[in-house]
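The file entry_31.tsv comes next; it holds TSV, C-alpha atoms.
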chain	number	residue	atom	x	y	z
A	1	MET	CA	0.00	0.00	0.00
A	2	ARG	CA	2.86	2.35	0.86
A	3	LEU	CA	4.42	1.76	-2.56
A	4	LEU	CA	1.14	2.50	-4.31
A	5	LEU	CA	0.84	5.82	-2.52
A	6	ILE	CA	4.31	7.06	-3.47
A	7	PRO	CA	3.47	8.00	-7.11
A	8	ALA	CA	0.30	9.80	-6.04
A	9	LEU	CA	2.10	11.80	-3.39
A	10	ALA	CA	4.90	12.58	-5.80
A	11	ALA	CA	2.34	14.05	-8.20
A	12	LEU	CA	1.29	16.65	-5.65
A	13	PRO	CA	3.03	19.98	-6.28
A	14	LEU	CA	5.57	21.22	-3.81
A	15	LEU	CA	4.19	24.08	-1.77
A	16	SER	CA	6.21	27.24	-1.27
A	17	GLN	CA	7.71	27.65	2.18
A	18	SER	CA	9.05	31.17	1.59
A	19	ALA	CA	8.63	33.76	4.32
A	20	PRO	CA	5.17	35.41	4.23
A	21	PRO	CA	4.76	39.19	4.16
A	22	SER	CA	4.45	41.18	7.34
A	23	GLY	CA	1.31	40.47	9.33
A	24	PHE	CA	1.10	36.75	8.53
A	25	SER	CA	2.16	33.89	10.77
A	26	PRO	CA	4.37	31.31	9.02
A	27	ASP	CA	3.17	28.64	11.44
A	28	ARG	CA	-0.47	29.31	10.66
A	29	LEU	CA	0.10	29.31	6.92
A	30	THR	CA	1.84	25.96	7.37
A	31	ARG	CA	-1.24	24.77	9.25
A	32	ILE	CA	-3.31	25.56	6.15
A	33	ARG	CA	-0.93	23.60	3.92
A	34	GLN	CA	-1.03	20.59	6.21
A	35	GLN	CA	-4.82	20.61	6.46
A	36	LEU	CA	-5.32	20.86	2.71
A	37	ARG	CA	-2.82	18.07	2.09
A	38	SER	CA	-4.72	15.91	4.59
A	39	ASP	CA	-8.00	16.70	2.81
A	40	VAL	CA	-6.53	15.56	-0.50
A	41	ASP	CA	-5.16	12.34	0.98
A	42	SER	CA	-8.48	11.50	2.64
A	43	LYS	CA	-10.41	12.47	-0.53
A	44	VAL	CA	-12.38	15.24	1.11
A	45	ILE	CA	-11.28	17.34	-1.87
A	46	PRO	CA	-9.56	16.41	-5.14
A	47	GLY	CA	-7.35	19.49	-4.92
A	48	ALA	CA	-7.65	23.22	-4.44
A	49	VAL	CA	-6.05	26.61	-4.95
A	50	LEU	CA	-6.02	29.14	-2.13
A	51	LEU	CA	-4.98	32.74	-2.78
A	52	ILE	CA	-4.61	35.34	-0.04
A	53	GLN	CA	-3.36	38.85	-0.64
A	54	ARG	CA	-3.08	41.92	1.52
A	55	ASN	CA	-2.35	45.50	0.49
A	56	GLY	CA	-2.32	44.24	-3.08
A	57	LYS	CA	0.55	41.82	-2.42
A	58	PRO	CA	0.32	38.01	-2.36
A	59	ALA	CA	0.70	36.31	0.98
A	60	PHE	CA	-0.29	32.83	-0.15
A	61	HIS	CA	-1.04	31.49	-3.62
A	62	GLU	CA	-0.61	27.76	-3.68
A	63	PRO	CA	-2.11	24.67	-5.28
A	64	VAL	CA	-2.56	21.38	-3.51
A	65	GLY	CA	-3.65	17.98	-4.75
A	66	PHE	CA	-5.00	17.18	-8.15
A	67	GLN	CA	-6.49	19.14	-11.01
A	68	ASN	CA	-7.66	15.73	-12.20
A	69	ARG	CA	-7.08	12.89	-9.76
A	70	ALA	CA	-8.06	10.16	-12.24
A	71	ALA	CA	-5.46	11.41	-14.71
A	72	ASN	CA	-2.88	11.98	-11.97
A	73	ALA	CA	-2.69	15.63	-13.09
A	74	PRO	CA	-1.46	17.94	-10.31
A	75	MET	CA	-3.31	21.08	-9.34
A	76	ARG	CA	-1.73	24.29	-10.68
A	77	THR	CA	-2.01	27.93	-9.66
A	78	ASP	CA	-3.54	28.61	-13.10
A	79	THR	CA	-6.09	25.78	-12.95
A	80	ILE	CA	-9.50	26.97	-14.13
A	81	PHE	CA	-12.66	26.41	-12.07
A	82	ARG	CA	-16.40	26.69	-12.57
A	83	VAL	CA	-17.10	29.57	-10.19
A	84	ALA	CA	-20.93	29.27	-10.32
A	85	SER	CA	-22.56	32.09	-8.33
A	86	MET	CA	-19.31	33.99	-8.00
A	87	THR	CA	-20.40	35.14	-11.48
A	88	LYS	CA	-23.10	37.27	-9.81
A	89	PRO	CA	-20.83	40.07	-8.55
A	90	MET	CA	-19.50	40.53	-12.10
A	91	ALA	CA	-23.06	40.90	-13.39
A	92	THR	CA	-23.80	43.45	-10.70
A	93	VAL	CA	-20.68	45.44	-11.56
A	94	ALA	CA	-21.81	45.43	-15.22
A	95	ALA	CA	-25.17	46.90	-14.22
A	96	MET	CA	-23.53	49.51	-11.98
A	97	MET	CA	-21.30	50.59	-14.85
A	98	LEU	CA	-24.36	51.21	-17.01
A	99	ALA	CA	-26.01	53.08	-14.13
A	100	GLU	CA	-22.96	55.36	-13.81
A	101	GLU	CA	-23.20	56.09	-17.53
A	102	GLY	CA	-26.82	57.18	-17.13
A	103	GLN	CA	-28.12	54.32	-19.25
A	104	LEU	CA	-29.72	52.32	-16.42
A	105	ASP	CA	-32.01	53.58	-13.66
A	106	LEU	CA	-31.66	51.38	-10.57
A	107	TRP	CA	-35.02	52.56	-9.20
A	108	ALA	CA	-36.91	51.90	-12.43
A	109	PRO	CA	-39.29	48.96	-12.71
A	110	VAL	CA	-37.73	45.96	-14.43
A	111	SER	CA	-40.53	46.25	-16.98
A	112	LYS	CA	-39.03	49.51	-18.25
A	113	TYR	CA	-36.30	47.42	-19.84
A	114	LEU	CA	-38.07	44.04	-20.09
A	115	PRO	CA	-41.73	44.59	-21.11
A	116	GLU	CA	-42.59	40.95	-20.40
A	117	PHE	CA	-42.44	41.83	-16.67
A	118	ARG	CA	-45.40	44.22	-16.87
A	119	ASP	CA	-48.16	41.80	-15.86
A	120	LEU	CA	-46.60	39.84	-13.03
A	121	LYS	CA	-48.62	37.95	-10.44
A	122	VAL	CA	-47.67	36.77	-6.96
A	123	GLY	CA	-48.05	33.28	-5.53
A	124	PRO	CA	-50.25	30.38	-6.63
A	125	GLU	CA	-53.31	32.57	-5.98
A	126	LEU	CA	-51.99	34.98	-8.65
A	127	ALA	CA	-52.31	38.08	-6.49
A	128	THR	CA	-51.51	41.53	-7.83
A	129	PRO	CA	-48.07	42.85	-6.79
A	130	LYS	CA	-48.19	45.70	-4.29
A	131	ARG	CA	-45.50	47.35	-6.39
A	132	ALA	CA	-43.37	46.45	-9.38
A	133	PRO	CA	-39.95	44.87	-8.84
A	134	THR	CA	-37.13	47.29	-9.61
A	135	VAL	CA	-33.64	46.87	-11.01
A	136	LEU	CA	-32.37	47.46	-7.46
A	137	ASP	CA	-34.53	44.55	-6.30
A	138	LEU	CA	-32.78	42.33	-8.82
A	139	MET	CA	-29.39	43.38	-7.47
A	140	ARG	CA	-30.24	42.67	-3.83
A	141	HIS	CA	-32.49	39.58	-4.35
A	142	THR	CA	-35.70	41.25	-3.17
A	143	SER	CA	-37.51	41.00	-6.51
A	144	GLY	CA	-39.88	38.24	-5.38
A	145	LEU	CA	-38.35	35.79	-7.86
A	146	THR	CA	-37.03	32.37	-6.84
A	147	TYR	CA	-34.76	29.63	-8.20
A	148	GLY	CA	-37.21	26.77	-7.89
A	149	ILE	CA	-34.50	24.25	-7.05
A	150	PHE	CA	-34.09	25.25	-3.39
A	151	GLY	CA	-37.72	25.21	-2.23
A	152	ASN	CA	-40.90	23.17	-2.28
A	153	SER	CA	-43.56	25.87	-2.47
A	154	PRO	CA	-46.20	25.72	-5.24
A	155	VAL	CA	-44.27	28.45	-7.10
A	156	ASP	CA	-41.01	26.51	-6.77
A	157	ASP	CA	-42.84	23.48	-8.17
A	158	LEU	CA	-43.95	25.56	-11.16
A	159	TYR	CA	-40.30	26.45	-11.82
A	160	LYS	CA	-39.35	22.78	-11.68
A	161	LYS	CA	-42.13	21.79	-14.08
A	162	SER	CA	-41.53	24.56	-16.61
A	163	ASN	CA	-37.71	24.39	-16.29
A	164	PRO	CA	-36.78	27.84	-17.67
A	165	PHE	CA	-33.12	26.77	-17.44
A	166	ALA	CA	-33.65	24.57	-20.49
A	167	ALA	CA	-34.26	27.67	-22.63
A	168	PRO	CA	-31.97	28.12	-25.65
A	169	SER	CA	-30.92	31.68	-24.76
A	170	LEU	CA	-30.91	34.18	-21.92
A	171	ALA	CA	-33.70	36.15	-23.60
A	172	ALA	CA	-35.85	33.01	-23.83
A	173	MET	CA	-35.09	32.00	-20.25
A	174	VAL	CA	-36.03	35.40	-18.85
A	175	SER	CA	-39.24	35.45	-20.91
A	176	ALA	CA	-40.13	32.03	-19.48
A	177	VAL	CA	-39.47	33.26	-15.92
A	178	ALA	CA	-41.69	36.32	-16.51
A	179	LYS	CA	-44.62	33.99	-17.24
A	180	LEU	CA	-44.31	32.37	-13.80
A	181	PRO	CA	-45.72	33.94	-10.62
A	182	LEU	CA	-43.44	35.61	-8.12
A	183	LEU	CA	-42.83	33.73	-4.88
A	184	HIS	CA	-43.03	36.89	-2.75
A	185	GLN	CA	-44.25	40.45	-2.95
A	186	PRO	CA	-41.42	42.61	-4.35
A	187	GLY	CA	-39.24	44.18	-1.68
A	188	GLU	CA	-40.59	42.14	1.23
A	189	VAL	CA	-38.29	39.09	1.33
A	190	TRP	CA	-34.65	38.29	0.57
A	191	GLU	CA	-34.91	35.20	-1.62
A	192	TYR	CA	-31.95	33.80	-3.51
A	193	SER	CA	-33.16	33.62	-7.09
A	194	VAL	CA	-32.77	34.07	-10.82
A	195	SER	CA	-32.73	37.82	-10.17
A	196	THR	CA	-29.13	38.13	-11.36
A	197	ASP	CA	-29.92	36.30	-14.59
A	198	VAL	CA	-32.77	38.75	-15.20
A	199	LEU	CA	-30.33	41.57	-14.36
A	200	GLY	CA	-27.95	40.18	-16.99
A	201	ARG	CA	-30.73	40.32	-19.54
A	202	VAL	CA	-31.31	43.98	-18.58
A	203	VAL	CA	-27.60	44.57	-19.24
A	204	GLU	CA	-28.02	43.01	-22.69
A	205	VAL	CA	-31.03	45.16	-23.58
A	206	VAL	CA	-29.52	48.41	-22.30
A	207	SER	CA	-26.06	47.88	-23.77
A	208	GLY	CA	-27.14	46.24	-27.02
A	209	GLN	CA	-24.53	43.51	-26.45
A	210	ASP	CA	-24.70	39.84	-25.51
A	211	PHE	CA	-23.97	39.52	-21.81
A	212	ASP	CA	-20.77	37.51	-22.23
A	213	ARG	CA	-19.46	40.01	-24.77
A	214	PHE	CA	-20.17	42.93	-22.42
A	215	ILE	CA	-18.32	41.19	-19.58
A	216	ALA	CA	-15.37	40.41	-21.85
A	217	GLU	CA	-15.06	43.87	-23.38
A	218	ARG	CA	-15.90	46.01	-20.36
A	219	ILE	CA	-14.64	43.98	-17.37
A	220	THR	CA	-12.38	40.98	-17.89
A	221	LYS	CA	-10.26	42.35	-20.74
A	222	PRO	CA	-9.59	45.74	-19.09
A	223	LEU	CA	-8.75	43.98	-15.81
A	224	LYS	CA	-6.47	41.48	-17.61
A	225	MET	CA	-8.54	38.52	-16.40
A	226	LYS	CA	-7.30	36.40	-19.27
A	227	ASP	CA	-8.72	33.08	-18.06
A	228	THR	CA	-12.23	34.27	-17.16
A	229	GLY	CA	-15.22	33.76	-19.44
A	230	PHE	CA	-18.27	31.66	-20.21
A	231	TYR	CA	-16.49	29.15	-22.43
A	232	LEU	CA	-12.87	28.12	-22.90
A	233	THR	CA	-10.22	27.68	-25.55
A	234	LYS	CA	-8.80	24.17	-25.97
A	235	GLU	CA	-5.70	25.21	-24.04
A	236	GLN	CA	-7.82	26.55	-21.19
A	237	ALA	CA	-10.03	23.45	-21.17
A	238	ALA	CA	-6.92	21.36	-20.53
A	239	ARG	CA	-6.52	23.34	-17.29
A	240	LEU	CA	-10.11	22.85	-16.11
A	241	ALA	CA	-10.41	21.28	-12.65
A	242	VAL	CA	-12.16	17.91	-12.65
A	243	PRO	CA	-14.12	16.88	-9.53
A	244	ASP	CA	-13.66	13.43	-8.03
A	245	GLY	CA	-17.29	12.56	-8.72
A	246	PRO	CA	-20.63	14.05	-9.78
A	247	MET	CA	-20.92	17.74	-9.01
A	248	PHE	CA	-23.75	20.22	-9.38
A	249	GLY	CA	-22.87	22.68	-12.14
A	250	ALA	CA	-20.70	20.28	-14.13
A	251	SER	CA	-23.10	19.37	-16.93
A	252	GLY	CA	-20.68	17.44	-19.07
A	253	ALA	CA	-21.15	19.88	-21.96
A	254	ASP	CA	-18.08	20.74	-24.01
A	255	PRO	CA	-16.58	23.80	-22.24
A	256	THR	CA	-14.98	24.99	-25.50
A	257	VAL	CA	-18.39	25.54	-27.14
A	258	ARG	CA	-20.20	28.80	-26.39
A	259	PRO	CA	-23.46	27.80	-24.66
A	260	GLY	CA	-26.69	29.10	-26.09
A	261	LEU	CA	-27.83	30.06	-22.60
A	262	ILE	CA	-25.27	32.35	-20.98
A	263	MET	CA	-26.05	32.46	-17.24
A	264	PRO	CA	-25.17	35.81	-15.59
A	265	GLY	CA	-26.02	34.23	-12.24
A	266	GLY	CA	-23.63	31.32	-12.46
A	267	GLY	CA	-21.98	30.48	-15.76
A	268	ALA	CA	-18.41	31.77	-15.60
A	269	TYR	CA	-15.06	30.02	-15.46
A	270	SER	CA	-12.09	31.66	-13.74
A	271	THR	CA	-8.81	31.17	-11.89
A	272	ALA	CA	-7.89	32.27	-8.39
A	273	ALA	CA	-5.50	34.89	-9.77
A	274	ASP	CA	-8.08	36.29	-12.20
A	275	TYR	CA	-10.80	36.54	-9.60
A	276	ALA	CA	-8.38	38.20	-7.20
A	277	ARG	CA	-7.90	40.98	-9.76
A	278	PHE	CA	-11.65	41.53	-9.83
A	279	CYS	CA	-11.75	41.64	-6.02
A	280	GLN	CA	-8.77	43.97	-5.84
A	281	MET	CA	-10.57	46.35	-8.18
A	282	LEU	CA	-13.48	46.43	-5.71
A	283	LEU	CA	-11.18	46.78	-2.71
A	284	ASN	CA	-9.47	49.72	-4.46
A	285	GLY	CA	-12.81	51.49	-4.87
A	286	GLY	CA	-13.44	50.51	-8.50
A	287	GLU	CA	-9.93	50.83	-9.98
A	288	LEU	CA	-7.02	48.51	-10.73
A	289	GLU	CA	-3.66	49.46	-12.24
A	290	GLY	CA	-4.99	52.64	-13.81
A	291	VAL	CA	-8.20	51.05	-15.14
A	292	ARG	CA	-11.32	52.41	-13.48
A	293	LEU	CA	-14.58	50.50	-13.86
A	294	LEU	CA	-16.60	52.17	-11.10
A	295	ALA	CA	-16.52	55.27	-8.95
A	296	PRO	CA	-15.66	54.78	-5.27
A	297	HIS	CA	-19.16	55.77	-4.21
A	298	SER	CA	-20.66	53.07	-6.42
A	299	VAL	CA	-18.50	50.43	-4.77
A	300	ALA	CA	-19.42	51.84	-1.35
A	301	LEU	CA	-23.09	51.47	-2.31
A	302	MET	CA	-22.59	47.89	-3.45
A	303	THR	CA	-20.76	46.89	-0.28
A	304	SER	CA	-23.18	48.49	2.20
A	305	ASP	CA	-26.33	47.03	3.73
A	306	GLN	CA	-29.05	47.31	1.09
A	307	LEU	CA	-31.85	45.41	2.85
A	308	PRO	CA	-34.53	47.53	4.52
A	309	ALA	CA	-35.21	46.70	8.16
A	310	THR	CA	-38.61	45.32	7.21
A	311	THR	CA	-37.18	42.80	4.73
A	312	ARG	CA	-37.66	39.20	5.87
A	313	ARG	CA	-34.38	37.34	5.52
A	314	ASN	CA	-34.87	33.95	7.18
A	315	THR	CA	-35.64	32.08	3.97
A	316	GLY	CA	-34.49	28.51	3.44
A	317	VAL	CA	-31.37	29.37	1.45
A	318	ALA	CA	-30.33	32.15	3.84
A	319	VAL	CA	-30.64	29.87	6.87
A	320	ASN	CA	-28.91	26.94	5.15
A	321	LEU	CA	-25.95	29.18	4.32
A	322	GLY	CA	-25.31	29.54	8.05
A	323	PRO	CA	-22.58	32.13	8.73
A	324	PHE	CA	-22.63	33.16	5.06
A	325	GLY	CA	-26.36	33.82	4.95
A	326	PRO	CA	-27.64	37.41	5.17
A	327	THR	CA	-29.55	36.88	8.42
A	328	PRO	CA	-29.72	39.08	11.54
A	329	GLU	CA	-28.72	36.08	13.67
A	330	MET	CA	-25.36	36.03	11.87
A	331	GLY	CA	-24.84	39.77	11.92
A	332	THR	CA	-24.85	39.74	8.13
A	333	SER	CA	-26.91	41.49	5.48
A	334	PHE	CA	-26.77	41.84	1.70
A	335	GLY	CA	-25.42	44.59	-0.51
A	336	LEU	CA	-25.57	44.62	-4.29
A	337	GLY	CA	-24.07	41.32	-5.40
A	338	PHE	CA	-22.75	39.81	-2.17
A	339	ALA	CA	-23.27	39.33	1.57
A	340	VAL	CA	-21.99	42.11	3.84
A	341	ARG	CA	-21.06	41.84	7.53
A	342	VAL	CA	-22.85	44.52	9.56
A	343	ASP	CA	-22.27	43.41	13.16
A	344	PRO	CA	-18.94	42.83	14.98
A	345	GLY	CA	-20.40	39.89	16.90
A	346	ARG	CA	-22.90	37.09	16.22
A	347	ASN	CA	-21.07	35.56	13.27
A	348	PRO	CA	-18.71	32.77	14.39
A	349	LEU	CA	-16.33	33.33	11.48
A	350	PRO	CA	-13.40	35.77	11.79
A	351	GLY	CA	-13.72	39.02	9.90
A	352	SER	CA	-14.47	42.71	10.14
A	353	VAL	CA	-17.58	44.84	9.89
A	354	GLY	CA	-17.85	45.78	6.22
A	355	ASP	CA	-16.27	42.65	4.79
A	356	PHE	CA	-18.15	41.22	1.82
A	357	SER	CA	-18.25	37.77	0.32
A	358	TRP	CA	-20.07	35.23	-1.80
A	359	SER	CA	-19.62	31.66	-2.96
A	360	GLY	CA	-20.45	29.23	-5.75
A	361	ILE	CA	-22.38	25.99	-5.44
A	362	THR	CA	-19.43	24.19	-7.08
A	363	GLY	CA	-17.32	24.88	-3.97
A	364	THR	CA	-15.71	28.25	-4.72
A	365	LEU	CA	-15.63	31.17	-2.26
A	366	PHE	CA	-14.23	34.68	-1.96
A	367	TRP	CA	-14.20	37.30	0.72
A	368	VAL	CA	-12.82	40.83	0.87
A	369	ASP	CA	-12.01	42.58	4.14
A	370	PRO	CA	-11.57	46.32	3.46
A	371	LYS	CA	-10.48	47.02	7.06
A	372	GLU	CA	-7.58	44.56	6.75
A	373	LYS	CA	-7.05	45.30	3.01
A	374	LEU	CA	-7.27	41.54	2.57
A	375	ILE	CA	-8.63	39.31	-0.20
A	376	ALA	CA	-9.01	35.53	-0.09
A	377	ILE	CA	-10.04	33.27	-2.98
A	378	TRP	CA	-10.82	29.59	-2.36
A	379	MET	CA	-11.09	27.45	-5.51
A	380	VAL	CA	-12.21	23.82	-5.30
A	381	GLN	CA	-14.77	21.63	-7.09
A	382	VAL	CA	-16.88	19.56	-4.69
A	383	PRO	CA	-20.56	18.62	-4.25
A	384	PRO	CA	-22.83	21.15	-2.47
A	385	THR	CA	-23.06	18.88	0.58
A	386	SER	CA	-19.41	19.69	1.36
A	387	ASN	CA	-19.57	23.42	0.80
A	388	ASN	CA	-20.61	24.97	4.09
A	389	TYR	CA	-18.20	22.91	6.17
A	390	LEU	CA	-15.27	23.68	3.87
A	391	TYR	CA	-16.24	27.36	3.65
A	392	ARG	CA	-16.33	27.70	7.44
A	393	ARG	CA	-13.07	25.88	7.96
A	394	ILE	CA	-11.00	27.61	5.26
A	395	ARG	CA	-12.10	31.02	6.45
A	396	THR	CA	-11.29	30.13	10.06
A	397	LEU	CA	-7.88	28.70	9.08
For the file at hand, write its structure as structure tokens.
Amino acid sequence: MRLLLIPALAALPLLSQSAPPSGFSPDRLTRIRQQLRSDVDSKVIPGAVLLIQRNGKPAFHEPVGFQNRAANAPMRTDTIFRVASMTKPMATVAAMMLAEEGQLDLWAPVSKYLPEFRDLKVGPELATPKRAPTVLDLMRHTSGLTYGIFGNSPVDDLYKKSNPFAAPSLAAMVSAVAKLPLLHQPGEVWEYSVSTDVLGRVVEVVSGQDFDRFIAERITKPLKMKDTGFYLTKEQAARLAVPDGPMFGASGADPTVRPGLIMPGGGAYSTAADYARFCQMLLNGGELEGVRLLAPHSVALMTSDQLPATTRRNTGVAVNLGPFGPTPEMGTSFGLGFAVRVDPGRNPLPGSVGDFSWSGITGTLFWVDPKEKLIAIWMVQVPPTSNNYLYRRIRTL
């Protein structure tokens, strides 16, 4: 058995032991390395990349384990991951850019840009909305929409039966969603939903560009995020992380073929280094290396508490997210595109008031702590059942 393990262990990349920058404990960084190596050996994870940077400088950027365990391919710092809902902050930045240009009114009804949302109904009883959902509602998940896959209400069941995610395009998907009733009255409940996908369709209509093209031309190319997009080249596909088994979000479709349905709420691929550039832009107040995407006040708006005090937040998804859910019990709320910590206590995870974060159902996670000038990117591909435990532990480590 020992002999059989030697080739596998030899395939694991050597991890840097160089001295960390000021403010980081070498012993505690070593603790992270040891824990991740143990997770690979015990098959908790196939492999991962963890990137930590502070004041714009890397403190830790290391791979561990396998990019593809079955092929004995070691994890690399430039391995590409399906980042799932970590796509959402990019969609929100896109909408904020259009708002800054005067092309998009955040307080306008969604129907101003998508006429199919004019005659919405609420619930299985098809009640009349008390007010129309706004673009701002889409950005903070208070639109009344749902995902369907996370609940068992009659409206969730309608989503499952109609399956708008099988639509051939984003326009068709959003039109299908508009025909379904809302789960909640707009503005009354934080409900994780297809709101960001609808927001992406608003970006398409306002900009006159396909969503993926807008992201490429206005965000990823200017920020030099060369390995981030909604489909991959053949060279990039060879660097795509492969989970050890079935994983939500890994459809088996050819990643080198542009999908008909581009999902603004969860369809992007990226690397730890690329996503760190996006986060650094936000931490810098909308600018990176001379490229400004947003004004500082726009970023401040996005990273502040956007949920009114009357908004109900104890929905199934919010509670199941535990410390990452925007619930009062965890001292956390929601901004525009991510969760925001609003209380110094309550949440068992380390952090600062004002830090913001979000994750992907495929196992990925990021958080940004403006007080500490710190960014952390956790890239792994595991089933959703493993996510919350790994999220809690990596952030604590």
key: Option closest in space to Val291 (chain A), from A:Leu223, A:Leu120, A:Val203, A:Leu36 [counting only C-alpha atoms]   = A:Leu223
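Nearest residue to Thr311 (chain A), choosing from A:Phe165, A:Val189, A:Arg277, A:Ala237 and counting all atoms listed in the file: A:Val189.
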ask   = Any idea what's packed within 12 Å of region 316-322 of chain A, counting all atoms listed in the file, ignoring anything in its chain fewer than 3 positions away? Could you give it as a PyMOL selection string?
value = chain A and resi 141+146-153+189-193+312-313+325-334+339+346-349+358-361+384-389+391-392
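Proximity to Arg54 (chain A) was assessed for A:Ser175, A:Gln280, A:Ser195, A:Ser352 counting only C-alpha atoms; the smallest distance is recorded for A:Gln280.
The coordinates place CA of Trp367 (chain A) at 27.5 Å from CA of Arg69 (chain A).
Reported to one decimal place, the separation of CA of Ala91 (chain A) from CA of Cys279 (chain A) is 13.5 Å.
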ask   = Looking at A:Thr220, A:Ser38, A:Thr92, A:Asn55, which one is nearest to Glu372 (chain A), with distances taken over only C-alpha atoms?
value = A:Asn55
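Using only C-alpha atoms for every distance, the candidate list A:Gly144, A:Pro46, A:Gly200, A:Pro323 yields A:Gly144 as the residue closest to Gly187 (chain A).
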Would you fill out region 84-99 of chain A with N, CA, C and O atoms and return it as an mmCIF file, in the frame of the given file?
data_model
loop_
_atom_site.group_PDB
_atom_site.id
_atom_site.type_symbol
_atom_site.label_atom_id
_atom_site.label_comp_id
_atom_site.auth_asym_id
_atom_site.auth_seq_id
_atom_site.Cartn_x
_atom_site.Cartn_y
_atom_site.Cartn_z
ATOM 1 N N ALA A 84 -19.495 29.259 -10.642
ATOM 2 C CA ALA A 84 -20.930 29.270 -10.320
ATOM 3 C C ALA A 84 -21.378 30.677 -9.903
ATOM 4 O O ALA A 84 -21.157 31.630 -10.633
ATOM 5 N N SER A 85 -21.962 30.809 -8.709
ATOM 6 C CA SER A 85 -22.560 32.090 -8.330
ATOM 7 C C SER A 85 -21.567 33.197 -8.037
ATOM 8 O O SER A 85 -21.977 34.343 -7.804
ATOM 9 N N MET A 86 -20.279 32.898 -8.060
ATOM 10 C CA MET A 86 -19.310 33.990 -8.000
ATOM 11 C C MET A 86 -19.316 34.789 -9.305
ATOM 12 O O MET A 86 -18.643 35.814 -9.428
ATOM 13 N N THR A 87 -20.121 34.358 -10.275
ATOM 14 C CA THR A 87 -20.400 35.140 -11.480
ATOM 15 C C THR A 87 -21.262 36.355 -11.140
ATOM 16 O O THR A 87 -21.168 37.399 -11.800
ATOM 17 N N LYS A 88 -22.116 36.230 -10.132
ATOM 18 C CA LYS A 88 -23.100 37.270 -9.810
ATOM 19 C C LYS A 88 -22.480 38.638 -9.535
ATOM 20 O O LYS A 88 -23.002 39.655 -10.015
ATOM 21 N N PRO A 89 -21.412 38.737 -8.744
ATOM 22 C CA PRO A 89 -20.830 40.070 -8.550
ATOM 23 C C PRO A 89 -20.364 40.736 -9.844
ATOM 24 O O PRO A 89 -20.441 41.962 -9.979
ATOM 25 N N MET A 90 -19.907 39.949 -10.818
ATOM 26 C CA MET A 90 -19.500 40.530 -12.100
ATOM 27 C C MET A 90 -20.710 41.108 -12.827
ATOM 28 O O MET A 90 -20.635 42.182 -13.433
ATOM 29 N N ALA A 91 -21.834 40.393 -12.759
ATOM 30 C CA ALA A 91 -23.060 40.900 -13.390
ATOM 31 C C ALA A 91 -23.517 42.183 -12.726
ATOM 32 O O ALA A 91 -23.981 43.120 -13.391
ATOM 33 N N THR A 92 -23.375 42.247 -11.410
ATOM 34 C CA THR A 92 -23.800 43.450 -10.700
ATOM 35 C C THR A 92 -22.890 44.629 -11.023
ATOM 36 O O THR A 92 -23.361 45.759 -11.182
ATOM 37 N N VAL A 93 -21.600 44.376 -11.144
ATOM 38 C CA VAL A 93 -20.680 45.440 -11.560
ATOM 39 C C VAL A 93 -21.059 45.942 -12.954
ATOM 40 O O VAL A 93 -21.056 47.159 -13.222
ATOM 41 N N ALA A 94 -21.403 45.028 -13.862
ATOM 42 C CA ALA A 94 -21.810 45.430 -15.220
ATOM 43 C C ALA A 94 -23.001 46.376 -15.163
ATOM 44 O O ALA A 94 -23.024 47.412 -15.843
ATOM 45 N N ALA A 95 -23.994 46.040 -14.333
ATOM 46 C CA ALA A 95 -25.170 46.900 -14.220
ATOM 47 C C ALA A 95 -24.810 48.246 -13.599
ATOM 48 O O ALA A 95 -25.312 49.294 -14.040
ATOM 49 N N MET A 96 -23.935 48.249 -12.608
ATOM 50 C CA MET A 96 -23.530 49.510 -11.980
ATOM 51 C C MET A 96 -22.777 50.399 -12.957
ATOM 52 O O MET A 96 -22.901 51.638 -12.915
ATOM 53 N N MET A 97 -22.001 49.800 -13.839
ATOM 54 C CA MET A 97 -21.300 50.590 -14.850
ATOM 55 C C MET A 97 -22.289 51.302 -15.761
ATOM 56 O O MET A 97 -22.128 52.489 -16.078
ATOM 57 N N LEU A 98 -23.333 50.601 -16.159
ATOM 58 C CA LEU A 98 -24.360 51.210 -17.010
ATOM 59 C C LEU A 98 -25.125 52.288 -16.243
ATOM 60 O O LEU A 98 -25.517 53.311 -16.818
ATOM 61 N N ALA A 99 -25.331 52.073 -14.941
ATOM 62 C CA ALA A 99 -26.010 53.080 -14.130
ATOM 63 C C ALA A 99 -25.170 54.355 -14.057
ATOM 64 O O ALA A 99 -25.689 55.470 -14.176
#
